[in-house]
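K.L.:
Structure below; questions to follow.
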Amino acid sequence: MGQLSFFSAETDEPSLEDLSGLFAAHGQSSFSPAGSRVSIVVDAQWRADALVEEIELCGVRAHPAVSDEGSPMARTETSKSLDALTRSWVKGAVKTMPADWVPSPRALRLWAIAAGRREEDRYLLGLDPHAPETHSPLATALMRAGIAPTLVGTRGHSPALRIAGRRRLSRLLENIGAPPGHLDAVGFWPTV
């Protein structure tokens with residue numbers, strides 16, 4: 001009988017802080033007197049649906065939506081419980097990674113669902129092209145989580161952190177767990 005495998009994202013208790021994985025990608029926030037809302041536009045409906053499921057595990061209501069441009073998106077309900085998180089990532093109108101941030105396994109999972117993709121035998125975690133000042137700090141944060149990436153595509157529209165090598169990909173998978181239960185997700189999930 002084989003040994004059961006438990007992934008960090010599956011054993012860690014979900015928290016609002018895990019939504020920082022959306023900001024590591026290209027997530028945005030809006031503030032109002034009623035609280036904050038976090039949203040992210042994605043390139044496929046499976047991503048929006050899977051993110052809604054993950055966000056709700058973190059304790060805030062969310063729903064899929066469609067952006068003004070017609071793309072799928074996931075967004076939270078407006079909540080004061082999100083204020084501290086969004087203020088830690090957004091200063092004025094500028095996204096800024098908190099200096100001491102280290103992605104939790106569940107934050108990495110949300111990041112992979114929102115903006116991860118395979119590139120041959122490597123894996124890319126997409127970055128926000130509109131927040132280039134976050135790219136190097138996010139690479140450092142991922143290193144602090146035990147996964148050394150390479151920053152790629154910074155001069156184009158698809159900046160990302162590339163994860164290559166069996167050991168690094170295994171470490172990523174140990175953190176983020178199995179792909180979401182959506183058929184299309186499997187083709188975008190890392191493999192070793």
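Following the order of the structure tokens, chains are lettered A, B, ..., residues in each are numbered from 1, and ligands are numbered from 1.
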Just asking: which residues within segment 15-88 of chain A are strand (DSSP E) according to DSSP, as number ranges by chain?
P.N.:
A: 28-32, 35-41, 62-66, 72-76
K.L.:
Residues at most 12 Å from segment 143-156 of chain A, counting only C-alpha atoms, excluding those fewer than 3 positions away in the same chain, as a JSON list (two decimals) with N, CA, C and O atoms, in the first residue's frame?
P.N.:
[["chain", "number", "residue", "atom", "x", "y", "z"],
["A", 99, "ALA", "N", 7.36, 44.16, 2.68],
["A", 99, "ALA", "CA", 8.79, 43.84, 2.73],
["A", 99, "ALA", "C", 9.08, 42.46, 3.32],
["A", 99, "ALA", "O", 10.00, 41.78, 2.87],
["A", 100, "ASP", "N", 8.31, 42.01, 4.27],
["A", 100, "ASP", "CA", 8.60, 40.74, 4.94],
["A", 100, "ASP", "C", 7.73, 39.58, 4.45],
["A", 100, "ASP", "O", 7.70, 38.52, 5.05],
["A", 101, "TRP", "N", 7.04, 39.76, 3.33],
["A", 101, "TRP", "CA", 6.10, 38.75, 2.87],
["A", 101, "TRP", "C", 6.80, 37.50, 2.39],
["A", 101, "TRP", "O", 7.77, 37.55, 1.62],
["A", 102, "VAL", "N", 6.31, 36.36, 2.84],
["A", 102, "VAL", "CA", 6.71, 35.05, 2.35],
["A", 102, "VAL", "C", 5.41, 34.33, 1.99],
["A", 102, "VAL", "O", 4.51, 34.24, 2.84],
["A", 103, "PRO", "N", 5.28, 33.86, 0.77],
["A", 103, "PRO", "CA", 4.01, 33.23, 0.39],
["A", 103, "PRO", "C", 3.74, 31.95, 1.17],
["A", 103, "PRO", "O", 4.60, 31.07, 1.24],
["A", 104, "SER", "N", 2.56, 31.87, 1.75],
["A", 104, "SER", "CA", 2.13, 30.63, 2.39],
["A", 104, "SER", "C", 1.83, 29.62, 1.28],
["A", 104, "SER", "O", 1.67, 29.99, 0.11],
["A", 105, "PRO", "N", 1.74, 28.34, 1.62],
["A", 105, "PRO", "CA", 1.38, 27.36, 0.59],
["A", 105, "PRO", "C", 0.05, 27.68, -0.09],
["A", 105, "PRO", "O", -0.08, 27.55, -1.30],
["A", 107, "ALA", "N", -1.29, 30.71, -0.41],
["A", 107, "ALA", "CA", -1.10, 31.90, -1.26],
["A", 107, "ALA", "C", -0.45, 31.48, -2.57],
["A", 107, "ALA", "O", -0.82, 31.96, -3.65],
["A", 108, "LEU", "N", 0.53, 30.56, -2.50],
["A", 108, "LEU", "CA", 1.15, 30.03, -3.73],
["A", 108, "LEU", "C", 0.11, 29.32, -4.59],
["A", 108, "LEU", "O", 0.13, 29.45, -5.82],
["A", 119, "GLU", "N", 5.61, 25.71, -19.11],
["A", 119, "GLU", "CA", 6.45, 26.12, -20.24],
["A", 119, "GLU", "C", 7.44, 24.98, -20.45],
["A", 119, "GLU", "O", 8.48, 24.94, -19.80],
["A", 122, "ARG", "N", 9.27, 23.45, -17.49],
["A", 122, "ARG", "CA", 9.38, 24.47, -16.45],
["A", 122, "ARG", "C", 7.97, 24.96, -16.10],
["A", 122, "ARG", "O", 7.00, 24.57, -16.73],
["A", 123, "TYR", "N", 7.91, 25.84, -15.09],
["A", 123, "TYR", "CA", 6.62, 26.39, -14.70],
["A", 123, "TYR", "C", 6.76, 27.88, -14.49],
["A", 123, "TYR", "O", 7.78, 28.35, -13.97],
["A", 124, "LEU", "N", 5.75, 28.63, -14.94],
["A", 124, "LEU", "CA", 5.77, 30.08, -14.82],
["A", 124, "LEU", "C", 4.66, 30.55, -13.89],
["A", 124, "LEU", "O", 3.51, 30.14, -14.03],
["A", 125, "LEU", "N", 5.03, 31.40, -12.95],
["A", 125, "LEU", "CA", 4.05, 32.10, -12.12],
["A", 125, "LEU", "C", 4.00, 33.53, -12.65],
["A", 125, "LEU", "O", 4.97, 34.28, -12.55],
["A", 126, "GLY", "N", 2.88, 33.89, -13.24],
["A", 126, "GLY", "CA", 2.74, 35.21, -13.86],
["A", 126, "GLY", "C", 2.79, 36.34, -12.84],
["A", 126, "GLY", "O", 2.38, 36.19, -11.68],
["A", 127, "LEU", "N", 3.31, 37.47, -13.30],
["A", 127, "LEU", "CA", 3.44, 38.68, -12.49],
["A", 127, "LEU", "C", 2.59, 39.79, -13.09],
["A", 127, "LEU", "O", 2.18, 39.71, -14.25],
["A", 128, "ASP", "N", 2.36, 40.82, -12.33],
["A", 128, "ASP", "CA", 1.56, 41.95, -12.80],
["A", 128, "ASP", "C", 2.41, 42.85, -13.70],
["A", 128, "ASP", "O", 3.36, 43.48, -13.24],
["A", 129, "PRO", "N", 2.10, 42.93, -15.01],
["A", 129, "PRO", "CA", 2.90, 43.77, -15.90],
["A", 129, "PRO", "C", 2.78, 45.26, -15.56],
["A", 129, "PRO", "O", 3.63, 46.05, -15.95],
["A", 130, "HIS", "N", 1.75, 45.63, -14.80],
["A", 130, "HIS", "CA", 1.54, 47.04, -14.43],
["A", 130, "HIS", "C", 2.20, 47.39, -13.09],
["A", 130, "HIS", "O", 2.08, 48.53, -12.64],
["A", 131, "ALA", "N", 2.88, 46.42, -12.48],
["A", 131, "ALA", "CA", 3.56, 46.66, -11.20],
["A", 131, "ALA", "C", 4.97, 46.10, -11.25],
["A", 131, "ALA", "O", 5.33, 45.21, -10.48],
["A", 132, "PRO", "N", 5.82, 46.62, -12.17],
["A", 132, "PRO", "CA", 7.16, 46.05, -12.33],
["A", 132, "PRO", "C", 8.03, 46.16, -11.08],
["A", 132, "PRO", "O", 8.94, 45.36, -10.89],
["A", 133, "GLU", "N", 7.72, 47.13, -10.22],
["A", 133, "GLU", "CA", 8.52, 47.28, -9.00],
["A", 133, "GLU", "C", 8.29, 46.12, -8.03],
["A", 133, "GLU", "O", 9.05, 45.96, -7.08],
["A", 134, "THR", "N", 7.28, 45.29, -8.26],
["A", 134, "THR", "CA", 7.05, 44.12, -7.40],
["A", 134, "THR", "C", 7.78, 42.87, -7.88],
["A", 134, "THR", "O", 7.91, 41.91, -7.13],
["A", 135, "HIS", "N", 8.27, 42.86, -9.10],
["A", 135, "HIS", "CA", 8.83, 41.64, -9.69],
["A", 135, "HIS", "C", 10.03, 41.10, -8.92],
["A", 135, "HIS", "O", 10.03, 39.93, -8.53],
["A", 136, "SER", "N", 11.05, 41.89, -8.70],
["A", 136, "SER", "CA", 12.24, 41.42, -7.98],
["A", 136, "SER", "C", 11.91, 41.06, -6.53],
["A", 136, "SER", "O", 12.36, 40.01, -6.04],
["A", 137, "PRO", "N", 11.13, 41.89, -5.81],
["A", 137, "PRO", "CA", 10.77, 41.48, -4.44],
["A", 137, "PRO", "C", 9.99, 40.17, -4.39],
["A", 137, "PRO", "O", 10.17, 39.37, -3.47],
["A", 138, "LEU", "N", 9.13, 39.92, -5.38],
["A", 138, "LEU", "CA", 8.39, 38.66, -5.41],
["A", 138, "LEU", "C", 9.32, 37.48, -5.65],
["A", 138, "LEU", "O", 9.14, 36.41, -5.08],
["A", 139, "ALA", "N", 10.33, 37.66, -6.48],
["A", 139, "ALA", "CA", 11.33, 36.60, -6.69],
["A", 139, "ALA", "C", 12.04, 36.29, -5.37],
["A", 139, "ALA", "O", 12.23, 35.13, -5.01],
["A", 140, "THR", "N", 12.39, 37.33, -4.64],
["A", 140, "THR", "CA", 13.05, 37.15, -3.34],
["A", 140, "THR", "C", 12.11, 36.46, -2.35],
["A", 140, "THR", "O", 12.53, 35.57, -1.61],
["A", 159, "PRO", "N", 5.42, 39.16, -17.87],
["A", 159, "PRO", "CA", 6.49, 38.88, -16.92],
["A", 159, "PRO", "C", 6.10, 37.72, -16.02],
["A", 159, "PRO", "O", 4.92, 37.50, -15.73],
["A", 160, "ALA", "N", 7.10, 36.95, -15.60],
["A", 160, "ALA", "CA", 6.81, 35.77, -14.78],
["A", 160, "ALA", "C", 8.05, 35.37, -13.99],
["A", 160, "ALA", "O", 9.17, 35.80, -14.29],
["A", 161, "LEU", "N", 7.82, 34.54, -13.01],
["A", 161, "LEU", "CA", 8.90, 33.87, -12.30],
["A", 161, "LEU", "C", 8.93, 32.44, -12.83],
["A", 161, "LEU", "O", 7.93, 31.73, -12.75],
["A", 162, "ARG", "N", 10.07, 32.04, -13.41],
["A", 162, "ARG", "CA", 10.21, 30.71, -13.98],
["A", 162, "ARG", "C", 10.82, 29.78, -12.93],
["A", 162, "ARG", "O", 11.84, 30.10, -12.32],
["A", 163, "ILE", "N", 10.18, 28.64, -12.77],
["A", 163, "ILE", "CA", 10.68, 27.63, -11.84],
["A", 163, "ILE", "C", 11.09, 26.43, -12.68],
["A", 163, "ILE", "O", 10.29, 25.89, -13.44],
["A", 164, "ALA", "N", 12.36, 26.06, -12.55],
["A", 164, "ALA", "CA", 12.90, 24.98, -13.36],
["A", 164, "ALA", "C", 13.67, 24.01, -12.47],
["A", 164, "ALA", "O", 14.18, 24.38, -11.42],
["A", 165, "GLY", "N", 13.74, 22.78, -12.91],
["A", 165, "GLY", "CA", 14.48, 21.76, -12.18],
["A", 165, "GLY", "C", 13.56, 20.90, -11.34],
["A", 165, "GLY", "O", 12.58, 21.37, -10.76],
["A", 166, "ARG", "N", 13.88, 19.65, -11.29],
["A", 166, "ARG", "CA", 13.04, 18.67, -10.59],
["A", 166, "ARG", "C", 12.83, 19.02, -9.12],
["A", 166, "ARG", "O", 11.72, 18.95, -8.61],
["A", 167, "ARG", "N", 13.89, 19.40, -8.42],
["A", 167, "ARG", "CA", 13.77, 19.69, -6.99],
["A", 167, "ARG", "C", 12.88, 20.91, -6.74],
["A", 167, "ARG", "O", 12.04, 20.91, -5.86],
["A", 168, "ARG", "N", 13.06, 21.96, -7.53],
["A", 168, "ARG", "CA", 12.25, 23.17, -7.34],
["A", 168, "ARG", "C", 10.79, 22.93, -7.70],
["A", 168, "ARG", "O", 9.89, 23.40, -7.01],
["A", 169, "LEU", "N", 10.56, 22.21, -8.79],
["A", 169, "LEU", "CA", 9.18, 21.89, -9.18],
["A", 169, "LEU", "C", 8.52, 20.99, -8.14],
["A", 169, "LEU", "O", 7.33, 21.16, -7.82],
["A", 170, "SER", "N", 9.27, 20.04, -7.59],
["A", 170, "SER", "CA", 8.73, 19.18, -6.54],
["A", 170, "SER", "C", 8.36, 20.00, -5.31],
["A", 170, "SER", "O", 7.31, 19.79, -4.70],
["A", 171, "ARG", "N", 9.21, 20.94, -4.96],
["A", 171, "ARG", "CA", 8.93, 21.80, -3.81],
["A", 171, "ARG", "C", 7.67, 22.63, -4.05],
["A", 171, "ARG", "O", 6.84, 22.79, -3.16],
["A", 172, "LEU", "N", 7.52, 23.16, -5.26],
["A", 172, "LEU", "CA", 6.32, 23.92, -5.60],
["A", 172, "LEU", "C", 5.08, 23.04, -5.45],
["A", 172, "LEU", "O", 4.10, 23.43, -4.81],
["A", 173, "LEU", "N", 5.13, 21.84, -6.02],
["A", 173, "LEU", "CA", 4.00, 20.93, -5.94],
["A", 173, "LEU", "C", 3.69, 20.52, -4.51],
["A", 173, "LEU", "O", 2.53, 20.36, -4.13],
["A", 174, "GLU", "N", 4.72, 20.33, -3.70],
["A", 174, "GLU", "CA", 4.52, 20.01, -2.28],
["A", 174, "GLU", "C", 3.72, 21.12, -1.59],
["A", 174, "GLU", "O", 2.97, 20.86, -0.68],
["A", 175, "ASN", "N", 3.92, 22.33, -2.04],
["A", 175, "ASN", "CA", 3.23, 23.47, -1.43],
["A", 175, "ASN", "C", 1.81, 23.64, -1.96],
["A", 175, "ASN", "O", 0.89, 23.85, -1.17]]
K.L.:
Find the residues near Ala93 of chain A: any atom within 12 Å, counting only C-alpha atoms, skip ones fewer than 5 places away on the same chain, and give them as a list in words.
P.N.:
Gln28, Ser29, Ser30, Phe31, Thr86, Arg87, His130 and Ala131 of chain A
K.L.:
Can you pull out the residues contacting Ser15 of chain A? Cut-off 9 Å, using only C-alpha atoms, and skip same-chain residues under 6 positions away; I want them as a PDB file with C-alpha atoms, in the first residue's frame.
P.N.:
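Wrote it out as out_11.pdb, contents follow:
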ATOM      1  CA  LEU A  57     -12.351  28.740   1.914  1.00  0.00           C
ATOM      2  CA  CYS A  58     -10.405  31.734   3.246  1.00  0.00           C
ATOM      3  CA  GLY A  59     -13.543  33.095   4.874  1.00  0.00           C
ATOM      4  CA  ARG A 106      -2.220  28.474   0.073  1.00  0.00           C
TER       5      ARG A 106
END
K.L.:
I need the alpha helix (DSSP H) residues of chain A per DSSP on the backbone, written as an MDAnalysis selection string.
P.N.:
chainID A and resid 8:11 20:24 45:57 83:89 105:115 135:144 166:176
K.L.:
Counting only C-alpha atoms, what is within 9 Å of Ile113 of chain A, bar same-chain residues fewer than 5 positions away, as a list in words?
P.N.:
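Everything that qualifies: Trp46, Arg47, Ala48, Ala50, Leu51, Leu108, Pro179, Pro180, Ala185, Phe188 and Trp189 of chain A.
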K.L.:
So, with only C-alpha atoms as the atoms that count, which of A:Glu56, A:Leu142, A:Asp43, A:Lys91 lies closest to Gly70 of chain A?
P.N.:
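Smallest separation from Gly70 of chain A among the options: A:Asp43.
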K.L.:
Point out the residue among A:Thr96, A:Gln45, A:Ser36, A:Ser71 with the least atom-to-atom distance to Asp83 of chain A, counting only C-alpha atoms.
P.N.:
A:Ser36
K.L.:
Which residue, A:Leu16, A:Val66, A:Ala141, A:Ala114, has the smallest gap to Ser81 of chain A when you use only C-alpha atoms?
P.N.:
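Checking each candidate against Ser81 of chain A, we get A:Leu16 as the closest.
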K.L.:
For Ser67 of chain A, please output as a compact mmCIF listing (two decimals) with all heavy atoms, in the first residue's frame all residues within 10 Å (counting only C-alpha atoms; exclusion window: fewer than 4 positions along the same chain).
P.N.:
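Now in selection_16.txt:
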# COMPACT_ATOMS: atom_id res chain seq x y z
N SER A 39 -10.12 41.73 -6.56
CA SER A 39 -10.57 41.11 -7.81
C SER A 39 -9.37 40.79 -8.68
O SER A 39 -8.30 41.37 -8.54
CB SER A 39 -11.53 42.04 -8.56
OG SER A 39 -10.88 43.25 -8.89
N ILE A 40 -9.59 39.84 -9.57
CA ILE A 40 -8.54 39.47 -10.51
C ILE A 40 -9.19 38.98 -11.81
O ILE A 40 -10.09 38.15 -11.79
CB ILE A 40 -7.57 38.41 -9.93
CG1 ILE A 40 -6.39 38.17 -10.87
CG2 ILE A 40 -8.29 37.12 -9.58
CD1 ILE A 40 -5.20 37.51 -10.22
N VAL A 41 -8.75 39.55 -12.91
CA VAL A 41 -9.20 39.15 -14.24
C VAL A 41 -8.28 38.02 -14.69
O VAL A 41 -7.06 38.11 -14.56
CB VAL A 41 -9.15 40.33 -15.23
CG1 VAL A 41 -9.52 39.89 -16.63
CG2 VAL A 41 -10.05 41.47 -14.75
N VAL A 42 -8.87 36.96 -15.21
CA VAL A 42 -8.08 35.79 -15.62
C VAL A 42 -8.38 35.43 -17.07
O VAL A 42 -9.30 35.98 -17.68
CB VAL A 42 -8.36 34.59 -14.68
CG1 VAL A 42 -7.78 34.86 -13.29
CG2 VAL A 42 -9.84 34.27 -14.59
N SER A 71 -13.65 39.49 -20.14
CA SER A 71 -12.84 38.38 -19.62
C SER A 71 -13.41 37.87 -18.30
O SER A 71 -14.00 38.64 -17.53
CB SER A 71 -11.40 38.84 -19.39
OG SER A 71 -10.80 39.23 -20.60
N PRO A 72 -13.21 36.57 -18.02
CA PRO A 72 -13.67 36.06 -16.73
C PRO A 72 -12.86 36.67 -15.59
O PRO A 72 -11.69 37.03 -15.76
CB PRO A 72 -13.42 34.55 -16.82
CG PRO A 72 -12.67 34.30 -18.06
CD PRO A 72 -12.58 35.56 -18.85
N MET A 73 -13.50 36.78 -14.44
CA MET A 73 -12.80 37.29 -13.27
C MET A 73 -13.41 36.70 -12.01
O MET A 73 -14.52 36.17 -12.03
CB MET A 73 -12.85 38.83 -13.23
CG MET A 73 -14.22 39.42 -13.03
SD MET A 73 -14.27 41.25 -13.12
CE MET A 73 -13.31 41.75 -11.74
N ALA A 74 -12.65 36.78 -10.95
CA ALA A 74 -13.14 36.40 -9.62
C ALA A 74 -13.01 37.64 -8.76
O ALA A 74 -12.03 38.38 -8.86
CB ALA A 74 -12.29 35.27 -9.05
